[in-house]
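Pasted below: query10.csv, CSV, C-alpha atoms and all ligand atoms.
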```csv
chain,number,residue,atom,x,y,z
A,16,MET,CA,9.7,-13.2,-26.8
A,17,THR,CA,6.7,-14.2,-24.6
A,18,ASP,CA,4.0,-11.7,-23.8
A,19,THR,CA,5.4,-11.5,-20.2
A,20,GLU,CA,8.8,-10.5,-21.6
A,21,LYS,CA,7.3,-8.1,-24.1
A,22,LEU,CA,5.4,-6.4,-21.3
A,23,ALA,CA,8.5,-6.2,-19.1
A,24,HIS,CA,10.3,-4.6,-22.0
A,25,LEU,CA,7.5,-2.1,-22.6
A,26,LEU,CA,7.7,-1.1,-18.9
A,27,ASP,CA,11.5,-0.7,-19.1
A,28,LYS,CA,11.0,1.6,-22.1
A,29,LEU,CA,8.5,3.7,-20.3
A,30,LEU,CA,10.9,4.0,-17.4
A,31,ALA,CA,13.8,4.9,-19.7
A,32,LYS,CA,11.7,7.7,-21.1
A,33,ASN,CA,10.7,8.7,-17.6
A,34,CYS,CA,7.0,8.6,-18.5
A,35,SER,CA,4.5,9.2,-15.7
A,36,PHE,CA,2.4,6.1,-15.3
A,37,ALA,CA,0.8,3.5,-13.1
A,38,VAL,CA,0.5,-0.1,-14.0
A,39,TRP,CA,-1.4,-2.5,-11.7
A,40,ALA,CA,-3.3,-5.8,-11.4
A,41,LEU,CA,-6.2,-6.2,-9.0
A,42,PRO,CA,-6.1,-9.2,-6.5
A,43,GLY,CA,-7.0,-12.4,-8.3
A,44,SER,CA,-7.3,-10.8,-11.7
A,45,ASN,CA,-3.8,-11.4,-13.2
A,46,THR,CA,-4.9,-8.7,-15.8
A,47,PRO,CA,-2.6,-5.7,-15.8
A,48,GLU,CA,-4.0,-2.3,-16.4
A,49,ILE,CA,-2.0,0.8,-17.3
A,50,LEU,CA,-2.6,4.5,-17.1
A,51,LEU,CA,-0.2,6.9,-18.8
A,52,THR,CA,-0.4,10.6,-18.3
A,53,ASP,CA,1.2,13.8,-19.4
A,54,GLN,CA,2.6,16.1,-16.7
A,55,GLU,CA,-0.3,18.5,-17.4
A,56,ASP,CA,-2.8,15.7,-16.7
A,57,MET,CA,-1.6,15.2,-13.2
A,58,ILE,CA,-3.5,16.9,-10.3
A,59,TYR,CA,-2.3,17.5,-6.8
A,60,PRO,CA,-5.4,18.0,-4.6
A,61,SER,CA,-4.9,19.2,-1.1
A,62,GLN,CA,-7.3,16.4,0.1
A,63,LEU,CA,-9.1,13.5,-1.4
A,64,ASN,CA,-12.4,15.1,-0.9
A,65,LYS,CA,-11.3,17.7,-3.6
A,66,LEU,CA,-11.4,14.9,-6.1
A,67,ASN,CA,-15.2,14.7,-6.5
A,68,GLY,CA,-16.0,14.6,-10.2
A,69,GLN,CA,-12.5,13.5,-11.2
A,70,GLU,CA,-11.4,10.1,-12.4
A,71,GLY,CA,-8.0,8.4,-12.7
A,72,PHE,CA,-5.4,6.7,-10.5
A,73,VAL,CA,-4.7,7.9,-7.0
A,74,PHE,CA,-1.3,7.7,-5.3
A,75,ALA,CA,-1.5,9.1,-1.8
A,76,PRO,CA,1.1,9.5,0.9
A,77,TYR,CA,0.7,8.7,4.6
A,78,HIS,CA,0.6,12.5,5.3
A,79,ILE,CA,0.0,15.0,2.5
A,80,GLU,CA,2.8,17.6,2.6
A,81,GLU,CA,4.4,19.8,0.0
A,82,ASP,CA,7.2,17.4,-0.8
A,83,LYS,CA,4.7,14.4,-0.7
A,84,PRO,CA,1.6,15.5,-2.5
A,85,LEU,CA,-1.5,13.4,-3.2
A,86,VAL,CA,-1.4,12.7,-6.9
A,87,LEU,CA,-4.2,11.9,-9.3
A,88,LEU,CA,-3.1,10.7,-12.7
A,89,LYS,CA,-5.9,11.5,-15.2
A,90,PRO,CA,-6.5,8.9,-17.9
A,91,GLY,CA,-4.4,10.1,-20.8
A,92,ILE,CA,-3.9,6.6,-22.2
A,93,TYR,CA,-5.7,3.8,-20.4
A,94,GLN,CA,-5.4,0.2,-21.4
A,95,LYS,CA,-6.4,-3.1,-19.8
A,96,GLY,CA,-5.1,-6.5,-20.6
A,97,VAL,CA,-1.7,-7.6,-21.9
A,98,GLU,CA,-2.6,-7.4,-25.6
A,99,SER,CA,-4.1,-3.9,-25.3
A,100,ILE,CA,-1.1,-2.6,-23.3
A,101,LEU,CA,1.3,-4.1,-25.9
A,102,SER,CA,-0.4,-2.1,-28.6
A,103,ILE,CA,0.9,1.2,-27.0
A,104,ASP,CA,3.5,2.7,-29.3
A,105,VAL,CA,6.1,3.8,-26.7
A,106,ASP,CA,8.3,5.3,-29.4
A,107,GLN,CA,5.6,7.9,-30.1
A,108,LEU,CA,5.6,9.1,-26.5
A,109,THR,CA,7.7,12.1,-25.7
A,110,MET,CA,10.5,11.8,-23.2
A,111,GLN,CA,9.8,13.5,-19.9
A,112,LYS,CA,12.3,15.7,-18.2
A,113,THR,CA,13.5,14.5,-14.8
A,114,ALA,CA,11.6,16.4,-12.2
A,115,GLN,CA,13.6,18.7,-9.9
A,116,GLN,CA,13.2,16.4,-7.0
A,117,THR,CA,15.7,16.1,-4.2
A,118,GLN,CA,16.4,12.4,-3.4
A,119,PRO,CA,14.6,11.5,-0.3
A,120,LYS,CA,16.7,10.6,2.7
A,121,HIS,CA,16.2,7.0,3.8
A,122,ILE,CA,17.2,6.5,7.4
A,123,ILE,CA,18.0,2.9,8.2
A,124,ILE,CA,17.7,1.7,11.8
A,125,GLN,CA,19.8,-1.2,13.1
A,126,LYS,CA,18.3,-4.2,14.9
A,127,ASP,CA,19.3,-3.1,18.5
A,128,ASP,CA,17.8,0.3,18.0
A,129,TYR,CA,14.7,-1.2,16.5
A,130,LEU,CA,14.2,-3.5,19.5
A,131,LYS,CA,14.7,-0.6,21.8
A,132,SER,CA,12.1,1.5,20.0
A,133,ILE,CA,9.7,-1.5,20.3
A,134,GLU,CA,10.4,-1.8,24.0
A,135,THR,CA,9.7,2.0,24.5
A,136,THR,CA,6.5,1.6,22.5
A,137,ILE,CA,5.3,-1.3,24.7
A,138,GLU,CA,6.2,0.6,27.8
A,139,THR,CA,4.2,3.7,26.6
A,140,ILE,CA,1.2,1.5,25.7
A,141,SER,CA,1.3,-0.1,29.2
A,142,THR,CA,1.3,3.3,31.0
A,143,SER,CA,-0.9,5.5,28.8
A,144,LYS,CA,-4.2,5.6,26.9
A,145,LEU,CA,-2.5,4.4,23.8
A,146,SER,CA,-3.7,0.8,22.9
A,147,LYS,CA,-1.9,0.1,19.6
A,148,VAL,CA,0.8,1.7,17.5
A,149,ILE,CA,2.3,0.6,14.1
A,150,VAL,CA,6.1,1.0,14.1
A,151,SER,CA,8.0,0.5,10.9
A,152,ARG,CA,11.5,0.5,9.4
A,153,LEU,CA,13.3,0.6,6.1
A,154,ILE,CA,15.1,-2.4,4.6
A,155,PRO,CA,17.6,-1.5,1.8
A,156,HIS,CA,18.6,-4.0,-0.9
A,157,ALA,CA,21.2,-3.1,-3.5
A,158,ARG,CA,20.0,-2.9,-7.1
A,159,GLY,CA,21.9,-4.6,-9.9
A,160,ASP,CA,21.4,-4.3,-13.6
A,161,GLU,CA,18.2,-6.3,-13.6
A,162,SER,CA,15.2,-5.0,-15.4
A,163,LEU,CA,12.5,-3.4,-13.3
A,164,GLY,CA,9.9,-4.5,-15.9
A,165,SER,CA,10.9,-8.1,-15.3
A,166,LEU,CA,10.8,-7.6,-11.5
A,167,TYR,CA,7.2,-6.3,-11.8
A,168,MET,CA,6.2,-9.3,-13.9
A,169,GLN,CA,7.9,-11.6,-11.3
A,170,LEU,CA,6.0,-10.0,-8.4
A,171,LEU,CA,2.8,-10.3,-10.3
A,172,GLN,CA,3.3,-13.9,-10.9
A,173,GLN,CA,4.3,-14.6,-7.3
A,174,THR,CA,1.6,-12.6,-5.5
A,175,PRO,CA,-1.7,-13.3,-7.3
A,176,ASN,CA,-4.0,-12.3,-4.4
A,177,ALA,CA,-2.5,-8.8,-3.9
A,178,MET,CA,-2.8,-5.5,-5.7
A,179,VAL,CA,0.5,-5.5,-7.6
A,180,TYR,CA,1.6,-2.1,-8.8
A,181,LEU,CA,4.4,-0.1,-10.2
A,182,VAL,CA,4.2,3.7,-10.4
A,183,ASN,CA,6.6,6.4,-11.7
A,184,LEU,CA,5.5,9.9,-10.8
A,185,PRO,CA,7.6,13.1,-11.0
A,186,GLN,CA,6.5,14.3,-7.5
A,187,ALA,CA,6.4,10.9,-5.7
A,188,GLY,CA,9.2,8.9,-7.2
A,189,LEU,CA,9.4,5.3,-8.4
A,190,TRP,CA,7.4,2.7,-6.3
A,191,MET,CA,6.5,-0.9,-6.5
A,192,GLY,CA,4.5,-3.2,-4.3
A,193,ALA,CA,2.1,-6.0,-3.7
A,194,THR,CA,-0.5,-5.1,-1.1
A,195,PRO,CA,-3.2,-7.3,0.2
A,196,GLU,CA,-5.1,-4.6,2.1
A,197,VAL,CA,-8.3,-3.1,0.7
A,198,LEU,CA,-9.0,0.5,1.9
A,199,LEU,CA,-12.2,0.9,-0.1
A,200,LYS,CA,-13.9,-0.9,-2.9
A,201,SER,CA,-16.9,0.7,-4.6
A,202,GLU,CA,-18.5,-1.0,-7.5
A,203,GLY,CA,-22.2,-0.9,-8.4
A,204,LYS,CA,-24.5,-0.6,-5.4
A,205,THR,CA,-22.1,-1.8,-2.7
A,206,ILE,CA,-19.2,-0.4,-0.9
A,207,GLU,CA,-16.7,-2.5,1.0
A,208,THR,CA,-14.0,-1.7,3.5
A,209,VAL,CA,-11.8,-4.1,5.4
A,210,SER,CA,-10.2,-4.4,8.8
A,211,LEU,CA,-6.9,-6.3,8.3
A,212,ALA,CA,-4.3,-6.9,11.0
A,213,GLY,CA,-2.5,-9.6,13.0
A,214,THR,CA,0.3,-11.4,11.2
A,215,GLN,CA,1.9,-14.8,11.2
A,216,SER,CA,4.1,-16.7,8.8
A,217,ARG,CA,2.3,-18.4,6.0
A,218,ARG,CA,1.7,-22.1,6.5
A,219,SER,CA,1.8,-24.7,3.8
A,220,ASP,CA,-1.2,-26.5,5.3
A,221,SER,CA,-3.2,-23.3,5.7
A,222,ASP,CA,-4.2,-24.5,9.2
A,223,TYR,CA,-3.9,-21.3,11.3
A,224,SER,CA,-4.7,-20.7,15.0
A,225,TRP,CA,-4.7,-17.1,16.2
A,226,HIS,CA,-3.6,-15.8,19.6
A,227,THR,CA,-5.1,-13.0,21.8
A,228,LYS,CA,-2.5,-10.5,20.6
A,229,GLU,CA,-3.5,-10.8,16.9
A,230,ILE,CA,-7.3,-11.1,17.7
A,231,GLU,CA,-7.1,-8.0,19.8
A,232,GLU,CA,-5.0,-5.9,17.4
A,233,GLN,CA,-7.4,-6.7,14.5
A,234,ALA,CA,-10.4,-5.9,16.7
A,235,PHE,CA,-9.0,-2.3,17.2
A,236,VAL,CA,-9.2,-1.8,13.5
A,237,SER,CA,-12.8,-3.1,13.3
A,238,ARG,CA,-13.8,-1.0,16.2
A,239,TYR,CA,-12.3,2.1,14.6
A,240,LEU,CA,-14.2,1.4,11.3
A,241,LEU,CA,-17.5,1.4,13.3
A,242,ASP,CA,-16.6,4.8,14.8
A,243,VAL,CA,-16.2,6.1,11.2
A,244,PHE,CA,-19.4,4.4,10.1
A,245,TYR,CA,-21.2,6.2,13.0
A,246,ARG,CA,-19.9,9.6,11.9
A,247,PHE,CA,-21.2,9.0,8.3
A,248,ASN,CA,-24.5,7.4,9.5
A,249,ILE,CA,-23.7,4.1,7.8
A,250,HIS,CA,-26.2,1.6,8.9
A,251,PRO,CA,-27.2,-1.2,8.2
A,252,TYR,CA,-23.9,-2.9,7.2
A,253,THR,CA,-23.0,-6.6,6.9
A,254,THR,CA,-19.7,-8.2,8.1
A,255,GLN,CA,-17.8,-11.3,7.1
A,256,GLY,CA,-15.0,-12.6,9.3
A,257,PRO,CA,-12.6,-12.4,11.0
A,258,GLU,CA,-11.1,-14.9,8.6
A,259,THR,CA,-7.6,-15.7,7.5
A,260,LEU,CA,-6.1,-13.9,4.4
A,261,GLU,CA,-2.9,-15.3,3.0
A,262,SER,CA,-0.6,-13.0,1.1
A,263,GLY,CA,3.0,-13.5,0.0
A,264,LYS,CA,5.0,-15.0,2.9
A,265,VAL,CA,2.4,-14.1,5.6
A,266,ALA,CA,-1.2,-14.5,6.7
A,267,HIS,CA,-3.5,-12.0,8.4
A,268,LEU,CA,-6.9,-11.8,10.1
A,269,MET,CA,-9.5,-9.9,8.0
A,270,THR,CA,-13.1,-8.8,8.5
A,271,SER,CA,-15.0,-7.3,5.5
A,272,PHE,CA,-17.7,-4.6,6.0
A,273,ARG,CA,-20.3,-4.0,3.3
A,274,PHE,CA,-23.0,-1.3,3.0
A,275,ALA,CA,-25.1,0.4,0.4
A,276,ALA,CA,-23.2,2.8,-1.9
A,277,LYS,CA,-26.1,5.4,-1.7
A,278,LYS,CA,-25.1,6.0,2.0
A,279,LEU,CA,-22.0,7.8,0.7
A,280,ALA,CA,-23.4,9.5,-2.4
A,281,HIS,CA,-21.1,12.5,-3.1
A,282,LYS,CA,-19.2,11.8,0.1
A,283,LEU,CA,-16.8,9.1,-1.0
A,284,GLY,CA,-13.8,11.4,-0.9
A,285,ASP,CA,-14.7,12.7,2.6
A,286,PHE,CA,-15.2,9.1,3.8
A,287,VAL,CA,-11.7,8.0,2.6
A,288,ALA,CA,-10.1,11.2,4.0
A,289,ASP,CA,-11.6,10.3,7.4
A,290,LEU,CA,-10.9,6.6,7.2
A,291,HIS,CA,-7.2,7.1,6.5
A,292,PRO,CA,-5.0,6.2,8.3
A,293,THR,CA,-6.7,3.3,10.0
A,294,PRO,CA,-5.3,1.5,13.1
A,295,ALA,CA,-4.0,-1.1,10.7
A,296,VAL,CA,-1.2,1.3,9.8
A,297,CYS,CA,-1.3,4.1,12.5
A,298,GLY,CA,-2.8,2.9,15.8
A,299,TYR,CA,-5.6,3.4,18.3
A,300,PRO,CA,-6.6,6.0,19.4
A,301,LYS,CA,-5.6,7.5,16.1
A,302,SER,CA,-4.3,11.0,16.9
A,303,ARG,CA,-2.3,9.8,19.9
A,304,ALA,CA,-0.8,7.0,17.8
A,305,ASP,CA,0.1,9.4,15.0
A,306,LYS,CA,1.9,11.7,17.4
A,307,PHE,CA,3.8,8.8,18.9
A,308,ILE,CA,4.9,7.5,15.4
A,309,SER,CA,6.3,10.9,14.5
A,310,LYS,CA,8.5,10.7,17.6
A,311,ILE,CA,9.6,7.1,17.5
A,312,GLU,CA,10.2,6.7,13.8
A,313,GLN,CA,13.2,8.4,12.5
A,314,HIS,CA,12.4,7.9,8.8
A,315,ASP,CA,9.8,9.5,6.7
A,316,ARG,CA,7.1,7.1,5.7
A,317,ARG,CA,6.4,9.0,2.5
A,318,TYR,CA,4.0,6.9,0.4
A,319,TYR,CA,4.3,3.8,2.6
A,320,THR,CA,1.0,3.3,4.5
A,321,GLY,CA,-0.7,5.8,2.2
A,322,TYR,CA,-3.1,4.4,-0.4
A,323,LEU,CA,-3.4,3.9,-4.1
A,324,GLY,CA,-5.6,2.7,-6.9
A,325,PRO,CA,-8.2,3.4,-9.5
A,326,TRP,CA,-10.5,6.3,-8.6
A,327,ARG,CA,-13.9,6.3,-10.4
A,328,LEU,CA,-12.2,4.7,-13.4
A,329,ASN,CA,-14.9,2.8,-15.3
A,330,GLU,CA,-17.3,3.7,-12.5
A,331,SER,CA,-15.3,1.8,-10.0
A,332,VAL,CA,-13.1,2.8,-7.0
A,333,ARG,CA,-10.5,0.3,-5.8
A,334,LEU,CA,-8.2,1.8,-3.2
A,335,PHE,CA,-5.5,-0.2,-1.4
A,336,VAL,CA,-3.3,0.6,1.6
A,337,ASN,CA,0.3,1.0,0.4
A,338,LEU,CA,2.0,-1.9,2.2
A,339,ARG,CA,4.6,-4.5,1.1
A,340,CYS,CA,6.1,-1.8,-1.0
A,341,MET,CA,9.4,-0.2,-1.8
A,342,GLU,CA,10.8,3.0,-3.2
A,343,ILE,CA,13.3,2.5,-6.0
A,344,THR,CA,16.3,4.8,-6.1
A,345,PRO,CA,19.1,4.6,-8.7
A,346,GLU,CA,21.2,2.4,-6.3
A,347,ASN,CA,18.7,0.7,-4.0
A,348,TYR,CA,15.4,-0.9,-3.4
A,349,VAL,CA,14.2,0.6,-0.1
A,350,LEU,CA,11.6,-1.7,1.4
A,351,TYR,CA,9.2,-0.4,4.0
A,352,SER,CA,7.9,-2.9,6.6
A,353,GLY,CA,6.2,-2.5,10.0
A,354,GLY,CA,3.9,-4.1,12.5
A,355,GLY,CA,1.2,-3.4,15.1
A,356,ILE,CA,2.6,-3.1,18.6
A,357,THR,CA,0.3,-3.8,21.6
A,358,SER,CA,1.0,-4.4,25.3
A,359,ARG,CA,1.3,-8.1,24.3
A,360,SER,CA,4.1,-7.6,21.7
A,361,VAL,CA,7.5,-9.3,22.0
A,362,PRO,CA,10.3,-7.1,20.5
A,363,GLU,CA,12.2,-10.0,18.8
A,364,ASP,CA,9.0,-11.3,17.2
A,365,GLU,CA,8.2,-7.9,15.9
A,366,TRP,CA,11.6,-7.7,14.2
A,367,GLU,CA,11.0,-11.1,12.6
A,368,GLU,CA,7.6,-10.0,11.5
A,369,THR,CA,9.1,-7.0,9.5
A,370,ILE,CA,11.5,-9.5,7.9
A,371,ASN,CA,8.6,-11.9,6.9
A,372,LYS,CA,6.5,-9.1,5.5
A,373,ALA,CA,9.5,-7.8,3.4
A,374,GLY,CA,10.0,-11.4,2.2
A,375,THR,CA,7.3,-11.0,-0.5
A,376,LEU,CA,9.3,-8.3,-2.3
A,377,LEU,CA,12.8,-9.7,-1.4
A,378,SER,CA,12.1,-13.1,-2.9
A,379,ALA,CA,10.9,-11.5,-6.2
A,380,ILE,CA,14.0,-9.3,-6.3
A,381,GLU,CA,16.3,-12.2,-5.6
A,382,ALA,CA,14.6,-14.3,-8.2
A,383,VAL,CA,15.2,-11.6,-10.9
A,384,GLN,CA,18.7,-11.0,-9.7
A,385,LYS,CA,19.6,-14.7,-10.0
A,386,LYS,CA,18.5,-14.9,-13.6
A,401,LIG,C1,2.3,-2.3,8.6
A,401,LIG,C2,2.2,-3.4,7.8
A,401,LIG,O1,1.1,-4.2,7.8
A,401,LIG,C3,-0.1,-3.9,8.6
A,401,LIG,C4,0.1,-4.4,10.0
A,401,LIG,C5,-0.2,-5.7,10.3
A,401,LIG,C6,0.1,-6.3,11.6
A,401,LIG,O2,0.6,-5.5,12.5
A,401,LIG,O3,-0.1,-7.5,11.9
A,401,LIG,C7,-0.9,-6.5,9.4
A,401,LIG,C8,-1.3,-6.1,8.2
A,401,LIG,C9,-1.2,-4.6,7.9
A,401,LIG,O4,-2.4,-4.0,8.3
A,401,LIG,C10,3.2,-3.6,6.8
A,401,LIG,O5,3.1,-4.6,6.1
A,401,LIG,O6,4.2,-2.9,6.8
```
Rewritten as structure tokens:
Amino acid sequence: MTDTEKLAHLLDKLLAKNCSFAVWALPGSNTPEILLTDQEDMIYPSQLNKLNGQEGFVFAPYHIEEDKPLVLLKPGIYQKGVESILSIDVDQLTMQKTAQQTQPKHIIIQKDDYLKSIETTIETISTSKLSKVIVSRLIPHARGDESLGSLYMQLLQQTPNAMVYLVNLPQAGLWMGATPEVLLKSEGKTIETVSLAGTQSRRSDSDYSWHTKEIEEQAFVSRYLLDVFYRFNIHPYTTQGPETLESGKVAHLMTSFRFAAKKLAHKLGDFVADLHPTPAVCGYPKSRADKFISKIEQHDRRYYTGYLGPWRLNESVRLFVNLRCMEITPENYVLYSGGGITSRSVPEDEWEETINKAGTLLSAIEAVQKK
């Protein structure tokens, strides 16, 4: 067995025992890390700012509610690197009882209805103070008897510049994804956040030209970040971009913002709580967009467009927005995919965009199902 096969097998064993864990690899690292936790070592804070002084792995929903809590896995067992992870003796771990969780209802919208909802969104934007809204949908794909561990390893190999993760949590469910979007990175003396939006299909020659629609929709995110910076008195800061970021089957426009970590001493949780959700996943202005989403989307976003990642683990915070992700039920992979709608959107193109974005996960699933 190769190391990749051994790791896939270990993940399958953890899932068969229903262990609570998060396994992830940071963009460009190709080094998986794992955090395994007992039920007692899981915390459900009402807000991220209640996490000051704690460390672990955060898995946060789009909106924190009783049936979708913010979860912090404390580091029961933490290992980094394939060899260290393979040294975990899974047979010694006790089997976890299945949590009393009702299966979430996944509402699937057909193409015609999706196009209509995009038309309504464009109309509302053209006649109100709303400038941008992210509308999303669910894409189901039937599960076979393929190994989820192998699927994770396939996704990891296919998407090296994303945060590739798999989590199994009693209150949140089983989720996998490969997200390119940094919400917050804090290491040493610098904090970084990113404005990422605007999408086109990935090109083999990497020669991209961007149109007004994408430039504008990414600018809404940058502008919003500056509003948040103002509230937290963050100045000076440096920016890099907009530049193109390729990930999976698509490419985006991205600007990075960096500033001194001391600006947020003891306030990191408050900052993230304020930052989320950004107009990359909600819209602009934020509260109007959020209200509109709750009316136009029939499904519950659950953990899609929430955020996840190591929180103060080894002195570092690496949070990512939960995109290009799916919830895994006994029968299905339920992929979540959306896009930013502005007055310049074309409904048919927006439909295509959701397909392209889902392509990252679907191609990994198909590769494993074909084996
Ligand atoms: C909403 C998603 O992605 C977000 C929306 C984008 C867009 O509208 O162009 C681009 C990147 C992400 O910020 C998603 O992948 O589901």
Pull the closest atom pair for each residue of chain A that gets at most 10 Å from ligand LIG 401 (chain A), along with the distance in Å to one decimal, counting only C-alpha atoms and all ligand atoms, ordering rows by chain and then ascending residue number, as JSON lines.
```
{"residue": "A:Lys147", "atom": "CA", "partner": "A:LIG401", "partner_atom": "O2", "distance": 9.4}
{"residue": "A:Val148", "atom": "CA", "partner": "A:LIG401", "partner_atom": "O2", "distance": 8.8}
{"residue": "A:Ile149", "atom": "CA", "partner": "A:LIG401", "partner_atom": "C1", "distance": 6.2}
{"residue": "A:Val150", "atom": "CA", "partner": "A:LIG401", "partner_atom": "C1", "distance": 7.5}
{"residue": "A:Ser151", "atom": "CA", "partner": "A:LIG401", "partner_atom": "O6", "distance": 6.5}
{"residue": "A:Arg152", "atom": "CA", "partner": "A:LIG401", "partner_atom": "O6", "distance": 8.5}
{"residue": "A:Leu153", "atom": "CA", "partner": "A:LIG401", "partner_atom": "O6", "distance": 9.8}
{"residue": "A:Ala193", "atom": "CA", "partner": "A:LIG401", "partner_atom": "O5", "distance": 9.9}
{"residue": "A:Thr194", "atom": "CA", "partner": "A:LIG401", "partner_atom": "O5", "distance": 8.1}
{"residue": "A:Pro195", "atom": "CA", "partner": "A:LIG401", "partner_atom": "C8", "distance": 8.3}
{"residue": "A:Glu196", "atom": "CA", "partner": "A:LIG401", "partner_atom": "O4", "distance": 6.8}
{"residue": "A:Val197", "atom": "CA", "partner": "A:LIG401", "partner_atom": "O4", "distance": 9.7}
{"residue": "A:Val209", "atom": "CA", "partner": "A:LIG401", "partner_atom": "O4", "distance": 9.8}
{"residue": "A:Ser210", "atom": "CA", "partner": "A:LIG401", "partner_atom": "O4", "distance": 7.8}
{"residue": "A:Leu211", "atom": "CA", "partner": "A:LIG401", "partner_atom": "O4", "distance": 5.1}
{"residue": "A:Ala212", "atom": "CA", "partner": "A:LIG401", "partner_atom": "C7", "distance": 3.8}
{"residue": "A:Gly213", "atom": "CA", "partner": "A:LIG401", "partner_atom": "O3", "distance": 3.4}
{"residue": "A:Thr214", "atom": "CA", "partner": "A:LIG401", "partner_atom": "O3", "distance": 4.0}
{"residue": "A:Gln215", "atom": "CA", "partner": "A:LIG401", "partner_atom": "O3", "distance": 7.6}
{"residue": "A:Lys228", "atom": "CA", "partner": "A:LIG401", "partner_atom": "O3", "distance": 9.5}
{"residue": "A:Glu229", "atom": "CA", "partner": "A:LIG401", "partner_atom": "O3", "distance": 6.9}
{"residue": "A:Ile230", "atom": "CA", "partner": "A:LIG401", "partner_atom": "O3", "distance": 9.9}
{"residue": "A:Glu232", "atom": "CA", "partner": "A:LIG401", "partner_atom": "O2", "distance": 7.5}
{"residue": "A:Gln233", "atom": "CA", "partner": "A:LIG401", "partner_atom": "O3", "distance": 7.8}
{"residue": "A:Val236", "atom": "CA", "partner": "A:LIG401", "partner_atom": "O4", "distance": 8.8}
{"residue": "A:Leu260", "atom": "CA", "partner": "A:LIG401", "partner_atom": "C8", "distance": 9.9}
{"residue": "A:Ser262", "atom": "CA", "partner": "A:LIG401", "partner_atom": "C8", "distance": 9.9}
{"residue": "A:Val265", "atom": "CA", "partner": "A:LIG401", "partner_atom": "C7", "distance": 9.1}
{"residue": "A:Ala266", "atom": "CA", "partner": "A:LIG401", "partner_atom": "C7", "distance": 8.4}
{"residue": "A:His267", "atom": "CA", "partner": "A:LIG401", "partner_atom": "C7", "distance": 6.2}
{"residue": "A:Leu268", "atom": "CA", "partner": "A:LIG401", "partner_atom": "C7", "distance": 8.0}
{"residue": "A:Met269", "atom": "CA", "partner": "A:LIG401", "partner_atom": "C8", "distance": 9.0}
{"residue": "A:Thr293", "atom": "CA", "partner": "A:LIG401", "partner_atom": "O4", "distance": 8.6}
{"residue": "A:Pro294", "atom": "CA", "partner": "A:LIG401", "partner_atom": "O4", "distance": 7.9}
{"residue": "A:Ala295", "atom": "CA", "partner": "A:LIG401", "partner_atom": "O4", "distance": 4.1}
{"residue": "A:Val296", "atom": "CA", "partner": "A:LIG401", "partner_atom": "C1", "distance": 5.2}
{"residue": "A:Cys297", "atom": "CA", "partner": "A:LIG401", "partner_atom": "C1", "distance": 8.3}
{"residue": "A:Gly298", "atom": "CA", "partner": "A:LIG401", "partner_atom": "O2", "distance": 9.6}
{"residue": "A:Tyr319", "atom": "CA", "partner": "A:LIG401", "partner_atom": "O6", "distance": 7.9}
{"residue": "A:Thr320", "atom": "CA", "partner": "A:LIG401", "partner_atom": "C1", "distance": 7.1}
{"residue": "A:Val336", "atom": "CA", "partner": "A:LIG401", "partner_atom": "O4", "distance": 8.2}
{"residue": "A:Asn337", "atom": "CA", "partner": "A:LIG401", "partner_atom": "C10", "distance": 8.4}
{"residue": "A:Leu338", "atom": "CA", "partner": "A:LIG401", "partner_atom": "O5", "distance": 4.9}
{"residue": "A:Arg339", "atom": "CA", "partner": "A:LIG401", "partner_atom": "O5", "distance": 5.2}
{"residue": "A:Cys340", "atom": "CA", "partner": "A:LIG401", "partner_atom": "O6", "distance": 8.1}
{"residue": "A:Leu350", "atom": "CA", "partner": "A:LIG401", "partner_atom": "O6", "distance": 9.2}
{"residue": "A:Tyr351", "atom": "CA", "partner": "A:LIG401", "partner_atom": "O6", "distance": 6.3}
{"residue": "A:Ser352", "atom": "CA", "partner": "A:LIG401", "partner_atom": "O6", "distance": 3.7}
{"residue": "A:Gly353", "atom": "CA", "partner": "A:LIG401", "partner_atom": "O6", "distance": 3.8}
{"residue": "A:Gly354", "atom": "CA", "partner": "A:LIG401", "partner_atom": "O2", "distance": 3.6}
{"residue": "A:Gly355", "atom": "CA", "partner": "A:LIG401", "partner_atom": "O2", "distance": 3.4}
{"residue": "A:Ile356", "atom": "CA", "partner": "A:LIG401", "partner_atom": "O2", "distance": 6.9}
{"residue": "A:Thr357", "atom": "CA", "partner": "A:LIG401", "partner_atom": "O2", "distance": 9.3}
{"residue": "A:Glu365", "atom": "CA", "partner": "A:LIG401", "partner_atom": "O2", "distance": 8.7}
{"residue": "A:Glu368", "atom": "CA", "partner": "A:LIG401", "partner_atom": "O3", "distance": 8.1}
{"residue": "A:Thr369", "atom": "CA", "partner": "A:LIG401", "partner_atom": "O6", "distance": 6.9}
{"residue": "A:Ile370", "atom": "CA", "partner": "A:LIG401", "partner_atom": "O5", "distance": 9.9}
{"residue": "A:Asn371", "atom": "CA", "partner": "A:LIG401", "partner_atom": "O5", "distance": 9.2}
{"residue": "A:Lys372", "atom": "CA", "partner": "A:LIG401", "partner_atom": "O5", "distance": 5.7}
{"residue": "A:Ala373", "atom": "CA", "partner": "A:LIG401", "partner_atom": "O5", "distance": 7.6}
```
Rank A:Gly91, A:Pro84, A:Pro345, A:Gly43 by their smallest atom-to-atom distance to A:Ser61, using all atoms listed in the file, and report the top residue only.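 Looking only at the distances to A:Ser61, the closest residue turns out to be A:Pro84.
Here atom CA of A:Ser132 stands at a distance of 10.4 Å from atom CA of A:Ile308.
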Considering all atoms listed in the file, can you say which of A:Ser201, A:Asn183, A:Ser331, A:Gln313 comes closest to A:Lys277?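 Counting all atoms listed in the file, the residue closest to A:Lys277 is A:Ser201.
Protein and nucleic acid residues near (-8.1, 0.3, -0.8) are A:Val197, A:Leu198, A:Leu199, A:Arg333, A:Leu334, A:Phe335, A:Val336, the criterion being any atom at most 6 Å away using all atoms listed in the file.
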